[in-house]
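Taking it in order: structure first as C-alpha coordinates, then the write-up.
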Amino acid sequence: MHHFHLLKAARVKKETNDSVNIAFEIPQNLRYEFAFKQGQYLNVRFVFGDEDLRRSYSIVNAPSEGNSELEILVKHLENGKVSTYLNNELREGDHIEVMAPMGHFYTHYHPSNEKTYVGLAAGSGISPVLSNLKEALYQEPKSNAYLFFSNRSFNDIIFRDEIDALAEKFEGRLKVIYLLSREKHFEDELFEGRISAEKLSQLFEKFPEIPAQESTYFICGPAEMIKDISGFLKNEVKVPSLQIMYEYYAAPDDGENAEMSDEFKAIPNLESMVTLIIDDDEYSFHLNSKKRSILDQALHDKLPVPFACKGGVCCTCKAQVMEGEVFMEKNFALTEEEVERGFVLTCQCHPTTNVVMLNYDV
(Lines give C-alpha, C1' and ligand atoms only; values in the text may rest on other atoms or scores of the structure.)
Protein backbone atom coordinates (compact mmCIF):
# COMPACT_ATOMS: atom_id res chain seq x y z
CA MET A 1 0.00 0.00 0.00
CA HIS A 2 1.30 3.45 -0.85
CA HIS A 3 1.53 6.19 1.76
CA PHE A 4 2.43 9.86 1.63
CA HIS A 5 5.80 11.05 2.89
CA LEU A 6 6.96 14.58 3.64
CA LEU A 7 9.60 15.52 1.08
CA LYS A 8 11.60 18.75 0.91
CA ALA A 9 11.51 20.86 -2.22
CA ALA A 10 15.26 21.09 -2.87
CA ARG A 11 14.81 23.27 -5.95
CA VAL A 12 11.94 25.38 -7.28
CA LYS A 13 12.59 26.89 -10.70
CA LYS A 14 10.21 28.68 -13.03
CA GLU A 15 10.50 26.85 -16.33
CA THR A 16 8.19 29.14 -18.35
CA ASN A 17 5.78 31.91 -17.37
CA ASP A 18 3.11 29.35 -16.52
CA SER A 19 5.09 26.30 -15.34
CA VAL A 20 7.47 25.42 -12.54
CA ASN A 21 10.08 22.67 -12.22
CA ILE A 22 10.26 21.20 -8.70
CA ALA A 23 12.99 18.86 -7.48
CA PHE A 24 12.33 16.78 -4.37
CA GLU A 25 15.11 15.67 -2.07
CA ILE A 26 14.80 11.93 -1.32
CA PRO A 27 16.13 11.01 2.16
CA GLN A 28 18.41 7.99 2.36
CA ASN A 29 15.81 5.92 4.23
CA LEU A 30 13.28 6.43 1.41
CA ARG A 31 15.59 5.79 -1.55
CA TYR A 32 14.33 2.23 -2.04
CA GLU A 33 10.65 3.20 -1.82
CA PHE A 34 11.13 6.10 -4.25
CA ALA A 35 13.09 4.10 -6.83
CA PHE A 36 11.34 4.72 -10.12
CA LYS A 37 11.01 3.79 -13.76
CA GLN A 38 11.09 6.32 -16.57
CA GLY A 39 7.67 7.80 -17.34
CA GLN A 40 6.17 7.22 -13.88
CA TYR A 41 4.46 9.92 -11.83
CA LEU A 42 4.24 11.26 -8.27
CA ASN A 43 1.04 11.98 -6.36
CA VAL A 44 1.14 15.06 -4.15
CA ARG A 45 -1.36 15.94 -1.43
CA PHE A 46 -2.55 19.25 0.00
CA VAL A 47 -5.18 19.93 2.61
CA PHE A 48 -6.78 23.35 2.19
CA GLY A 49 -9.36 23.77 4.92
CA ASP A 50 -11.80 20.87 4.55
CA GLU A 51 -10.49 19.98 1.10
CA ASP A 52 -8.15 17.02 0.64
CA LEU A 53 -6.65 17.70 -2.81
CA ARG A 54 -4.41 15.23 -4.64
CA ARG A 55 -2.72 15.69 -7.98
CA SER A 56 -0.46 13.54 -10.16
CA TYR A 57 2.65 14.93 -11.90
CA SER A 58 5.00 12.99 -14.17
CA ILE A 59 8.65 12.56 -13.25
CA VAL A 60 11.02 14.35 -15.61
CA ASN A 61 14.18 12.44 -14.62
CA ALA A 62 15.42 9.23 -16.14
CA PRO A 63 16.85 6.57 -13.80
CA SER A 64 20.09 6.33 -15.77
CA GLU A 65 20.86 9.99 -15.08
CA GLY A 66 21.73 8.96 -11.53
CA ASN A 67 20.09 12.01 -9.97
CA SER A 68 19.28 11.54 -6.28
CA GLU A 69 16.40 14.02 -6.60
CA LEU A 70 13.06 13.51 -8.32
CA GLU A 71 11.83 16.30 -10.60
CA ILE A 72 8.30 17.15 -11.69
CA LEU A 73 6.84 19.88 -13.86
CA VAL A 74 3.67 21.68 -12.79
CA LYS A 75 1.77 23.79 -15.29
CA HIS A 76 -0.38 26.54 -13.82
CA LEU A 77 -4.08 25.96 -14.48
CA GLU A 78 -6.62 28.73 -14.19
CA ASN A 79 -8.52 28.32 -10.90
CA GLY A 80 -6.34 25.33 -10.03
CA LYS A 81 -5.66 25.53 -6.29
CA VAL A 82 -2.75 23.08 -6.23
CA SER A 83 -1.06 24.28 -9.43
CA THR A 84 -1.45 27.92 -8.33
CA TYR A 85 0.16 27.19 -4.98
CA LEU A 86 3.04 25.23 -6.51
CA ASN A 87 3.70 27.89 -9.16
CA ASN A 88 3.31 30.99 -7.01
CA GLU A 89 3.88 30.14 -3.36
CA LEU A 90 6.13 27.10 -3.00
CA ARG A 91 9.67 27.94 -1.91
CA GLU A 92 12.88 25.94 -1.67
CA GLY A 93 13.00 24.16 1.68
CA ASP A 94 9.22 23.76 1.94
CA HIS A 95 7.87 20.27 2.57
CA ILE A 96 5.13 18.54 0.57
CA GLU A 97 3.30 15.25 1.05
CA VAL A 98 4.39 12.96 -1.78
CA MET A 99 3.54 9.33 -2.58
CA ALA A 100 6.06 6.87 -4.03
CA PRO A 101 6.26 6.67 -7.86
CA MET A 102 3.47 4.91 -9.75
CA GLY A 103 2.37 4.27 -13.32
CA HIS A 104 3.39 2.10 -16.27
CA PHE A 105 4.00 4.56 -19.12
CA TYR A 106 7.28 2.94 -20.12
CA THR A 107 8.87 0.08 -22.00
CA HIS A 108 11.88 -2.10 -21.23
CA TYR A 109 15.32 -1.48 -22.68
CA HIS A 110 18.30 -3.69 -23.47
CA PRO A 111 21.81 -2.57 -24.55
CA SER A 112 21.72 -4.84 -27.62
CA ASN A 113 18.54 -3.27 -29.04
CA GLU A 114 18.67 -1.26 -32.27
CA LYS A 115 15.34 0.54 -32.23
CA THR A 116 13.78 3.87 -33.11
CA TYR A 117 11.78 5.73 -30.47
CA VAL A 118 9.45 8.59 -31.35
CA GLY A 119 8.24 11.07 -28.76
CA LEU A 120 5.09 13.07 -29.54
CA ALA A 121 4.41 15.69 -26.89
CA ALA A 122 2.48 18.91 -26.42
CA GLY A 123 3.10 21.43 -23.65
CA SER A 124 3.51 19.90 -20.20
CA GLY A 125 3.05 16.46 -21.77
CA ILE A 126 6.79 16.59 -22.41
CA SER A 127 7.61 15.34 -18.88
CA PRO A 128 7.03 11.55 -19.21
CA VAL A 129 7.99 11.55 -22.90
CA LEU A 130 11.34 13.18 -22.15
CA SER A 131 11.97 10.77 -19.29
CA ASN A 132 11.41 7.80 -21.61
CA LEU A 133 13.53 9.14 -24.46
CA LYS A 134 16.42 9.94 -22.12
CA GLU A 135 16.39 6.44 -20.69
CA ALA A 136 16.31 4.91 -24.18
CA LEU A 137 19.33 6.94 -25.25
CA TYR A 138 21.30 6.04 -22.12
CA GLN A 139 20.37 2.36 -22.06
CA GLU A 140 20.55 1.52 -25.76
CA PRO A 141 23.63 2.96 -27.51
CA LYS A 142 22.54 1.51 -30.87
CA SER A 143 19.04 3.03 -30.77
CA ASN A 144 17.87 6.40 -32.12
CA ALA A 145 15.14 8.79 -31.04
CA TYR A 146 13.00 11.55 -32.51
CA LEU A 147 11.12 14.16 -30.51
CA PHE A 148 8.28 16.15 -32.05
CA PHE A 149 7.31 18.72 -29.42
CA SER A 150 4.50 21.23 -29.83
CA ASN A 151 4.20 24.52 -27.91
CA ARG A 152 2.44 27.83 -28.46
CA SER A 153 5.60 29.80 -29.25
CA PHE A 154 9.37 29.46 -29.16
CA ASN A 155 9.53 31.18 -25.77
CA ASP A 156 6.95 28.74 -24.39
CA ILE A 157 9.04 25.64 -25.14
CA ILE A 158 9.33 23.76 -21.86
CA PHE A 159 12.80 22.38 -20.98
CA ARG A 160 14.20 23.88 -24.16
CA ASP A 161 17.73 24.28 -22.77
CA GLU A 162 17.79 20.73 -21.42
CA ILE A 163 16.39 19.28 -24.64
CA ASP A 164 18.90 21.20 -26.78
CA ALA A 165 21.74 20.01 -24.53
CA LEU A 166 20.46 16.46 -24.82
CA ALA A 167 20.36 16.71 -28.62
CA GLU A 168 23.95 17.93 -28.60
CA LYS A 169 25.07 15.17 -26.22
CA PHE A 170 23.43 12.48 -28.35
CA GLU A 171 24.16 14.11 -31.69
CA GLY A 172 23.34 11.77 -34.54
CA ARG A 173 21.05 9.70 -32.33
CA LEU A 174 18.46 12.28 -31.21
CA LYS A 175 16.59 14.54 -33.62
CA VAL A 176 14.41 17.26 -32.07
CA ILE A 177 11.69 19.15 -33.95
CA TYR A 178 9.83 21.97 -32.20
CA LEU A 179 6.35 22.69 -33.54
CA LEU A 180 4.78 26.10 -32.86
CA SER A 181 1.00 26.54 -32.82
CA ARG A 182 0.77 30.34 -32.45
CA GLU A 183 3.94 31.60 -34.04
CA LYS A 184 5.73 31.45 -37.39
CA HIS A 185 8.45 28.83 -37.43
CA PHE A 186 11.92 30.08 -38.31
CA GLU A 187 12.91 26.87 -40.14
CA ASP A 188 9.96 25.31 -41.99
CA GLU A 189 6.25 26.12 -42.12
CA LEU A 190 5.57 22.39 -41.84
CA PHE A 191 6.58 22.81 -38.20
CA GLU A 192 3.72 25.23 -37.58
CA GLY A 193 0.50 24.02 -35.96
CA ARG A 194 -0.39 21.31 -33.49
CA ILE A 195 0.48 17.64 -33.69
CA SER A 196 -2.33 15.77 -35.44
CA ALA A 197 -2.74 12.69 -37.61
CA GLU A 198 -2.40 14.83 -40.73
CA LYS A 199 0.67 16.60 -39.37
CA LEU A 200 2.29 13.34 -38.33
CA SER A 201 1.75 11.90 -41.81
CA GLN A 202 3.53 14.95 -43.26
CA LEU A 203 6.36 14.58 -40.75
CA PHE A 204 6.85 10.96 -41.77
CA GLU A 205 7.22 12.18 -45.37
CA LYS A 206 9.71 14.83 -44.22
CA PHE A 207 11.76 12.26 -42.31
CA PRO A 208 11.54 9.05 -44.41
CA GLU A 209 14.38 7.51 -42.39
CA ILE A 210 11.91 6.94 -39.53
CA PRO A 211 10.70 3.32 -39.75
CA ALA A 212 7.15 4.36 -38.86
CA GLN A 213 5.66 0.89 -38.53
CA GLU A 214 8.56 -0.53 -36.49
CA SER A 215 9.10 2.45 -34.16
CA THR A 216 8.01 2.67 -30.52
CA TYR A 217 5.94 5.74 -29.67
CA PHE A 218 5.53 7.77 -26.48
CA ILE A 219 2.57 10.17 -26.65
CA CYS A 220 1.41 12.72 -24.09
CA GLY A 221 -0.66 15.88 -24.45
CA PRO A 222 -4.32 16.87 -24.76
CA ALA A 223 -6.74 13.94 -24.86
CA GLU A 224 -7.96 14.75 -28.35
CA MET A 225 -4.36 14.75 -29.65
CA ILE A 226 -3.69 11.36 -28.08
CA LYS A 227 -6.81 9.78 -29.55
CA ASP A 228 -6.19 11.29 -32.99
CA ILE A 229 -2.57 10.25 -33.47
CA SER A 230 -2.76 6.90 -31.65
CA GLY A 231 -5.71 5.97 -33.85
CA PHE A 232 -3.79 7.06 -36.94
CA LEU A 233 -0.76 4.99 -35.95
CA LYS A 234 -2.84 1.89 -35.27
CA ASN A 235 -5.29 2.10 -38.15
CA GLU A 236 -3.37 3.81 -40.95
CA VAL A 237 0.31 3.09 -40.28
CA LYS A 238 -0.51 -0.38 -38.84
CA VAL A 239 1.77 0.04 -35.83
CA PRO A 240 1.23 -2.81 -33.33
CA SER A 241 -0.60 -1.63 -30.21
CA LEU A 242 2.24 -2.70 -27.91
CA GLN A 243 4.50 -0.15 -29.63
CA ILE A 244 2.15 2.77 -28.93
CA MET A 245 2.21 4.11 -25.37
CA TYR A 246 0.30 7.14 -24.21
CA GLU A 247 -0.43 8.95 -20.97
CA TYR A 248 -3.64 10.90 -20.35
CA TYR A 249 -3.49 13.88 -18.00
CA ALA A 250 -7.29 14.15 -18.01
CA ALA A 251 -10.07 11.84 -19.10
CA PRO A 252 -11.31 12.41 -22.66
CA ASP A 253 -14.71 14.08 -22.81
CA ASP A 254 -16.29 12.55 -25.87
CA GLY A 255 -18.88 10.19 -27.25
CA GLU A 256 -17.00 7.16 -25.97
CA ASN A 257 -17.68 8.24 -22.42
CA ALA A 258 -21.36 8.72 -23.21
CA GLU A 259 -21.49 5.15 -24.52
CA MET A 260 -19.89 3.88 -21.35
CA SER A 261 -22.45 5.79 -19.30
CA ASP A 262 -25.20 3.97 -21.21
CA GLU A 263 -23.56 0.72 -20.18
CA PHE A 264 -23.62 1.90 -16.57
CA LYS A 265 -27.35 2.54 -16.85
CA ALA A 266 -27.81 -1.07 -17.91
CA ILE A 267 -26.20 -2.68 -14.84
CA PRO A 268 -28.57 -4.27 -12.29
CA ASN A 269 -29.93 -2.17 -9.44
CA LEU A 270 -28.93 -4.09 -6.32
CA GLU A 271 -27.59 -3.76 -2.78
CA SER A 272 -24.11 -5.14 -2.26
CA MET A 273 -21.88 -5.87 0.71
CA VAL A 274 -18.47 -4.48 -0.32
CA THR A 275 -15.34 -5.48 1.57
CA LEU A 276 -12.01 -3.71 1.05
CA ILE A 277 -8.63 -5.08 2.14
CA ILE A 278 -6.34 -2.18 3.01
CA ASP A 279 -3.01 -2.69 4.78
CA ASP A 280 -4.12 -6.17 5.88
CA ASP A 281 -7.27 -4.78 7.51
CA GLU A 282 -10.79 -5.42 6.22
CA TYR A 283 -13.47 -2.72 5.94
CA SER A 284 -17.06 -3.48 4.87
CA PHE A 285 -20.02 -1.34 3.87
CA HIS A 286 -23.33 -1.60 2.04
CA LEU A 287 -23.51 0.07 -1.37
CA ASN A 288 -26.23 0.41 -3.98
CA SER A 289 -24.89 -0.34 -7.44
CA LYS A 290 -26.56 2.75 -8.92
CA LYS A 291 -25.21 5.24 -6.40
CA ARG A 292 -21.67 6.18 -5.40
CA SER A 293 -18.60 4.50 -6.81
CA ILE A 294 -16.78 2.13 -4.47
CA LEU A 295 -14.03 4.69 -3.91
CA ASP A 296 -16.46 7.52 -3.22
CA GLN A 297 -18.32 5.43 -0.65
CA ALA A 298 -15.04 4.46 1.02
CA LEU A 299 -14.02 8.12 1.21
CA HIS A 300 -17.48 9.03 2.54
CA ASP A 301 -16.91 6.46 5.31
CA LYS A 302 -13.43 7.94 5.91
CA LEU A 303 -11.60 4.72 5.06
CA PRO A 304 -7.83 4.94 4.34
CA VAL A 305 -8.10 4.30 0.60
CA PRO A 306 -5.49 5.64 -1.82
CA PHE A 307 -6.69 8.01 -4.53
CA ALA A 308 -5.61 10.93 -6.70
CA CYS A 309 -7.37 11.88 -9.95
CA LYS A 310 -10.73 10.12 -9.36
CA GLY A 311 -11.23 10.24 -13.14
CA GLY A 312 -9.88 6.89 -14.31
CA VAL A 313 -6.64 8.44 -15.54
CA CYS A 314 -4.09 7.48 -12.88
CA CYS A 315 -3.94 4.07 -11.20
CA THR A 316 -3.57 5.22 -7.59
CA CYS A 317 -6.88 3.64 -6.54
CA LYS A 318 -6.09 0.32 -8.25
CA ALA A 319 -7.31 -2.84 -6.51
CA GLN A 320 -7.85 -6.47 -7.46
CA VAL A 321 -11.25 -8.13 -7.43
CA MET A 322 -11.05 -11.14 -5.10
CA GLU A 323 -14.75 -12.01 -4.98
CA GLY A 324 -17.84 -10.97 -6.92
CA GLU A 325 -18.03 -8.68 -9.93
CA VAL A 326 -17.91 -4.93 -10.57
CA PHE A 327 -18.60 -2.63 -13.51
CA MET A 328 -15.76 -0.23 -14.35
CA GLU A 329 -17.14 2.80 -16.17
CA LYS A 330 -13.89 4.30 -17.46
CA ASN A 331 -10.29 3.13 -17.74
CA PHE A 332 -7.46 5.22 -19.13
CA ALA A 333 -4.74 3.78 -16.88
CA LEU A 334 -4.81 -0.01 -16.58
CA THR A 335 -3.30 -2.25 -19.23
CA GLU A 336 -5.31 -5.03 -20.88
CA GLU A 337 -3.20 -7.56 -18.98
CA GLU A 338 -4.04 -5.93 -15.64
CA VAL A 339 -7.76 -5.93 -16.45
CA GLU A 340 -7.58 -9.62 -17.38
CA ARG A 341 -5.96 -10.31 -13.99
CA GLY A 342 -8.90 -8.67 -12.23
CA PHE A 343 -7.47 -5.24 -11.47
CA VAL A 344 -9.87 -2.30 -11.45
CA LEU A 345 -9.89 1.43 -10.80
CA THR A 346 -12.15 1.75 -7.77
CA CYS A 347 -13.01 5.37 -8.57
CA GLN A 348 -14.90 4.00 -11.58
CA CYS A 349 -16.35 0.84 -10.06
CA HIS A 350 -19.87 -0.14 -9.04
CA PRO A 351 -20.80 -3.57 -7.63
CA THR A 352 -22.85 -5.86 -9.87
CA THR A 353 -23.12 -8.79 -7.45
CA ASN A 354 -24.45 -8.91 -3.89
CA VAL A 355 -21.01 -9.60 -2.45
CA VAL A 356 -17.80 -7.92 -3.61
CA MET A 357 -14.29 -8.07 -2.15
CA LEU A 358 -11.41 -5.89 -3.41
CA ASN A 359 -7.78 -6.03 -2.34
CA TYR A 360 -5.71 -2.83 -2.40
CA ASP A 361 -2.62 -4.57 -1.05
CA VAL A 362 -1.70 -6.62 -4.14
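We label chains A, B, ... in the order they appear in the C-alpha coordinates, count residues from 1 in each chain, and number ligands from 1 in the order shown.
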Can you list every residue of region 128-173 of chain A that has an atom at most 12 Å from region 201-210 of chain A, with its nearest atom pair and the distance in Å to one decimal, using only C-alpha atoms, ordered by chain then number, as JSON lines?
{"residue": "A:Ser143", "atom": "CA", "partner": "A:Ile210", "partner_atom": "CA", "distance": 11.9}
{"residue": "A:Asn144", "atom": "CA", "partner": "A:Ile210", "partner_atom": "CA", "distance": 9.5}
{"residue": "A:Ala145", "atom": "CA", "partner": "A:Ile210", "partner_atom": "CA", "distance": 9.3}
{"residue": "A:Tyr146", "atom": "CA", "partner": "A:Ile210", "partner_atom": "CA", "distance": 8.5}
{"residue": "A:Leu147", "atom": "CA", "partner": "A:Leu203", "partner_atom": "CA", "distance": 11.3}
{"residue": "A:Phe148", "atom": "CA", "partner": "A:Leu203", "partner_atom": "CA", "distance": 9.1}
{"residue": "A:Arg173", "atom": "CA", "partner": "A:Ile210", "partner_atom": "CA", "distance": 12.0}
Contacts of Leu30 (chain A) at 10 Å (only C-alpha atoms; same-chain gap of 5+ positions) as a list of chain:residue names |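 So, after excluding close chain neighbours, the residues are A:His5, A:Leu7, A:Ala35, A:Ala100.
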Extract, using only C-alpha atoms, all DNA, RNA and protein residues at most 12 Å from Asp279 (chain A), discarding same-chain residues fewer than 4 positions from it, and format them as a PyMOL selection string.
-> chain A and resi 1-3+283+303-306+359-362
From a DSSP calculation on the backbone, collect every residue of region 28-272 of chain A in strand (DSSP E or B) and output the set as a PyMOL selection string.
-> chain A and resi 41-48+51-59+69-75+95-99+102+116-122+144-151+174-180+192+216-221+244-248+271-272
Pick out the residues sitting within 10 Å of Gly193 (chain A), and hand them over as a VMD selection string; count only C-alpha atoms, and ignore anything fewer than 2 positions along from it in its own chain.
-> chain A and resid 150 to 152 179 to 185 189 to 191 195 to 196 199
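Distances here use only C-alpha atoms; by that measure, the residue among A:Glu97, A:His104, A:Ala121, A:Ala62 closest to Ile226 (chain A) is A:Ala121.
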For region 80-84 of chain A: contacts at 8 Å, only C-alpha atoms, fewer than 5 positions along chain excluded, given as a list in words = Phe46, Leu53, Arg55, Val74, Lys75 and Glu89 of chain A
List the neighbours of Leu90 (chain A) out to 10 Å using only C-alpha atoms; skip same-chain residues closer than 6 positions along the sequence, and give me the result as a PDB file with N, CA, C and O atoms, in the first residue's frame.
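The resulting out-v4.pdb:
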ATOM      1  N   ALA A   9      11.282  20.300  -0.890  1.00  0.00           N
ATOM      2  CA  ALA A   9      11.513  20.856  -2.224  1.00  0.00           C
ATOM      3  C   ALA A   9      12.925  21.424  -2.253  1.00  0.00           C
ATOM      4  O   ALA A   9      13.194  22.503  -1.718  1.00  0.00           O
ATOM      5  N   ARG A  11      14.656  22.248  -4.921  1.00  0.00           N
ATOM      6  CA  ARG A  11      14.814  23.273  -5.950  1.00  0.00           C
ATOM      7  C   ARG A  11      13.452  23.607  -6.535  1.00  0.00           C
ATOM      8  O   ARG A  11      12.653  22.726  -6.834  1.00  0.00           O
ATOM      9  N   VAL A  12      13.192  24.900  -6.679  1.00  0.00           N
ATOM     10  CA  VAL A  12      11.945  25.379  -7.281  1.00  0.00           C
ATOM     11  C   VAL A  12      12.328  26.396  -8.340  1.00  0.00           C
ATOM     12  O   VAL A  12      12.821  27.479  -8.024  1.00  0.00           O
ATOM     13  N   VAL A  20       6.371  25.437 -13.500  1.00  0.00           N
ATOM     14  CA  VAL A  20       7.468  25.417 -12.542  1.00  0.00           C
ATOM     15  C   VAL A  20       8.040  24.009 -12.467  1.00  0.00           C
ATOM     16  O   VAL A  20       7.320  23.017 -12.528  1.00  0.00           O
ATOM     17  N   ILE A  22      10.015  21.420 -10.130  1.00  0.00           N
ATOM     18  CA  ILE A  22      10.255  21.201  -8.699  1.00  0.00           C
ATOM     19  C   ILE A  22      11.073  19.928  -8.530  1.00  0.00           C
ATOM     20  O   ILE A  22      10.726  18.879  -9.076  1.00  0.00           O
ATOM     21  N   THR A  84      -1.707  26.510  -8.678  1.00  0.00           N
ATOM     22  CA  THR A  84      -1.454  27.915  -8.331  1.00  0.00           C
ATOM     23  C   THR A  84      -0.491  28.010  -7.155  1.00  0.00           C
ATOM     24  O   THR A  84       0.463  28.802  -7.171  1.00  0.00           O
ATOM     25  N   ILE A  96       6.384  18.926   1.225  1.00  0.00           N
ATOM     26  CA  ILE A  96       5.130  18.537   0.574  1.00  0.00           C
ATOM     27  C   ILE A  96       4.901  17.046   0.804  1.00  0.00           C
ATOM     28  O   ILE A  96       5.860  16.253   0.828  1.00  0.00           O
TER      29      ILE A  96
END
Could you name the residues that touch region 125-141 of chain A at 6 Å or less, counting only C-alpha atoms, but leaving out those on the same chain fewer than 6 positions away, as an mmCIF file with all heavy atoms, in the first residue's frame?
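Now in result-v6.cif:
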data_model
loop_
_atom_site.group_PDB
_atom_site.id
_atom_site.type_symbol
_atom_site.label_atom_id
_atom_site.label_comp_id
_atom_site.auth_asym_id
_atom_site.auth_seq_id
_atom_site.Cartn_x
_atom_site.Cartn_y
_atom_site.Cartn_z
ATOM 1 N N GLN A 38 11.341 5.181 -15.696
ATOM 2 C CA GLN A 38 11.093 6.315 -16.573
ATOM 3 C C GLN A 38 9.605 6.390 -16.921
ATOM 4 O O GLN A 38 8.958 5.379 -17.144
ATOM 5 C CB GLN A 38 11.938 6.213 -17.842
ATOM 6 C CG GLN A 38 11.636 5.016 -18.718
ATOM 7 C CD GLN A 38 12.214 3.706 -18.211
ATOM 8 O OE1 GLN A 38 12.959 3.690 -17.238
ATOM 9 N NE2 GLN A 38 11.873 2.606 -18.878
ATOM 10 N N GLY A 39 9.058 7.613 -16.946
ATOM 11 C CA GLY A 39 7.666 7.798 -17.340
ATOM 12 C C GLY A 39 6.662 7.662 -16.211
ATOM 13 O O GLY A 39 5.467 7.874 -16.436
ATOM 14 N N SER A 58 4.001 13.922 -13.625
ATOM 15 C CA SER A 58 4.999 12.993 -14.169
ATOM 16 C C SER A 58 6.414 13.382 -13.759
ATOM 17 O O SER A 58 6.750 14.561 -13.634
ATOM 18 C CB SER A 58 4.903 12.956 -15.695
ATOM 19 O OG SER A 58 3.684 12.378 -16.109
ATOM 20 N N VAL A 60 10.248 13.898 -14.448
ATOM 21 C CA VAL A 60 11.018 14.353 -15.607
ATOM 22 C C VAL A 60 12.328 13.579 -15.737
ATOM 23 O O VAL A 60 12.834 13.370 -16.835
ATOM 24 C CB VAL A 60 11.304 15.869 -15.502
ATOM 25 C CG1 VAL A 60 12.063 16.356 -16.730
ATOM 26 C CG2 VAL A 60 10.005 16.639 -15.328
ATOM 27 N N ASN A 61 12.890 13.132 -14.616
ATOM 28 C CA ASN A 61 14.176 12.437 -14.625
ATOM 29 C C ASN A 61 14.101 11.124 -15.390
ATOM 30 O O ASN A 61 13.023 10.583 -15.628
ATOM 31 C CB ASN A 61 14.632 12.062 -13.203
ATOM 32 C CG ASN A 61 14.592 13.188 -12.223
ATOM 33 O OD1 ASN A 61 13.547 13.767 -11.993
ATOM 34 N ND2 ASN A 61 15.724 13.463 -11.624
ATOM 35 N N ALA A 62 15.275 10.605 -15.691
ATOM 36 C CA ALA A 62 15.422 9.227 -16.144
ATOM 37 C C ALA A 62 16.321 8.518 -15.136
ATOM 38 O O ALA A 62 17.285 9.109 -14.637
ATOM 39 C CB ALA A 62 16.051 9.178 -17.538
ATOM 40 N N PRO A 111 20.670 -3.176 -23.834
ATOM 41 C CA PRO A 111 21.807 -2.569 -24.553
ATOM 42 C C PRO A 111 22.004 -3.086 -25.970
ATOM 43 O O PRO A 111 22.589 -2.385 -26.804
ATOM 44 C CB PRO A 111 23.014 -2.936 -23.669
ATOM 45 C CG PRO A 111 22.445 -3.135 -22.307
ATOM 46 C CD PRO A 111 21.070 -3.711 -22.517
ATOM 47 N N GLY A 119 8.997 10.367 -29.778
ATOM 48 C CA GLY A 119 8.242 11.072 -28.760
ATOM 49 C C GLY A 119 7.335 12.105 -29.402
ATOM 50 O O GLY A 119 7.788 12.885 -30.257
ATOM 51 N N PHE A 218 5.953 7.236 -27.781
ATOM 52 C CA PHE A 218 5.529 7.766 -26.484
ATOM 53 C C PHE A 218 4.725 9.037 -26.763
ATOM 54 O O PHE A 218 5.252 9.985 -27.350
ATOM 55 C CB PHE A 218 6.731 8.092 -25.605
ATOM 56 C CG PHE A 218 7.629 6.919 -25.329
ATOM 57 C CD1 PHE A 218 8.865 6.808 -25.953
ATOM 58 C CD2 PHE A 218 7.236 5.913 -24.460
ATOM 59 C CE1 PHE A 218 9.696 5.731 -25.708
ATOM 60 C CE2 PHE A 218 8.059 4.823 -24.207
ATOM 61 C CZ PHE A 218 9.296 4.725 -24.831
ATOM 62 N N CYS A 220 2.044 12.068 -25.228
ATOM 63 C CA CYS A 220 1.408 12.720 -24.089
ATOM 64 C C CYS A 220 1.060 14.154 -24.452
ATOM 65 O O CYS A 220 1.885 14.892 -25.003
ATOM 66 C CB CYS A 220 2.308 12.696 -22.856
ATOM 67 S SG CYS A 220 1.457 13.216 -21.337
ATOM 68 N N GLY A 221 -0.161 14.542 -24.147
ATOM 69 C CA GLY A 221 -0.657 15.877 -24.453
ATOM 70 C C GLY A 221 -2.151 15.908 -24.241
ATOM 71 O O GLY A 221 -2.707 15.069 -23.522
#
Report the residues of region 38-244 of chain A whose backbone DSSP state falls under helix (DSSP H, G or I), written as a ChimeraX atom specification.
-> /A:63-65,81-88,123-139,154-156,160-169,189-191,197-206,223-235,241-243
What gap, in Å, lies between CA of Lys290 (chain A) and CA of Ser272 (chain A)?
->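 About the pair CA of Lys290 (chain A) and CA of Ser272 (chain A): they are 10.6 Å apart.
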Selected residue of minimal separation from Asp228 (chain A) among A:Tyr178, A:Ala212, A:Ser68, A:Leu120, counting only C-alpha atoms |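 Counting only C-alpha atoms, the residue closest to Asp228 (chain A) is A:Leu120.
Distances from A:Thr107, A:Asn21, A:Ser56, A:Asn113 to Asn87 (chain A) were compared using only C-alpha atoms, and the smallest one belongs to A:Asn21.
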Using only C-alpha atoms: which of A:Ser153, A:Ser64, A:Gln40, A:Asn235 has the shortest distance to Phe105 (chain A) | A:Gln40
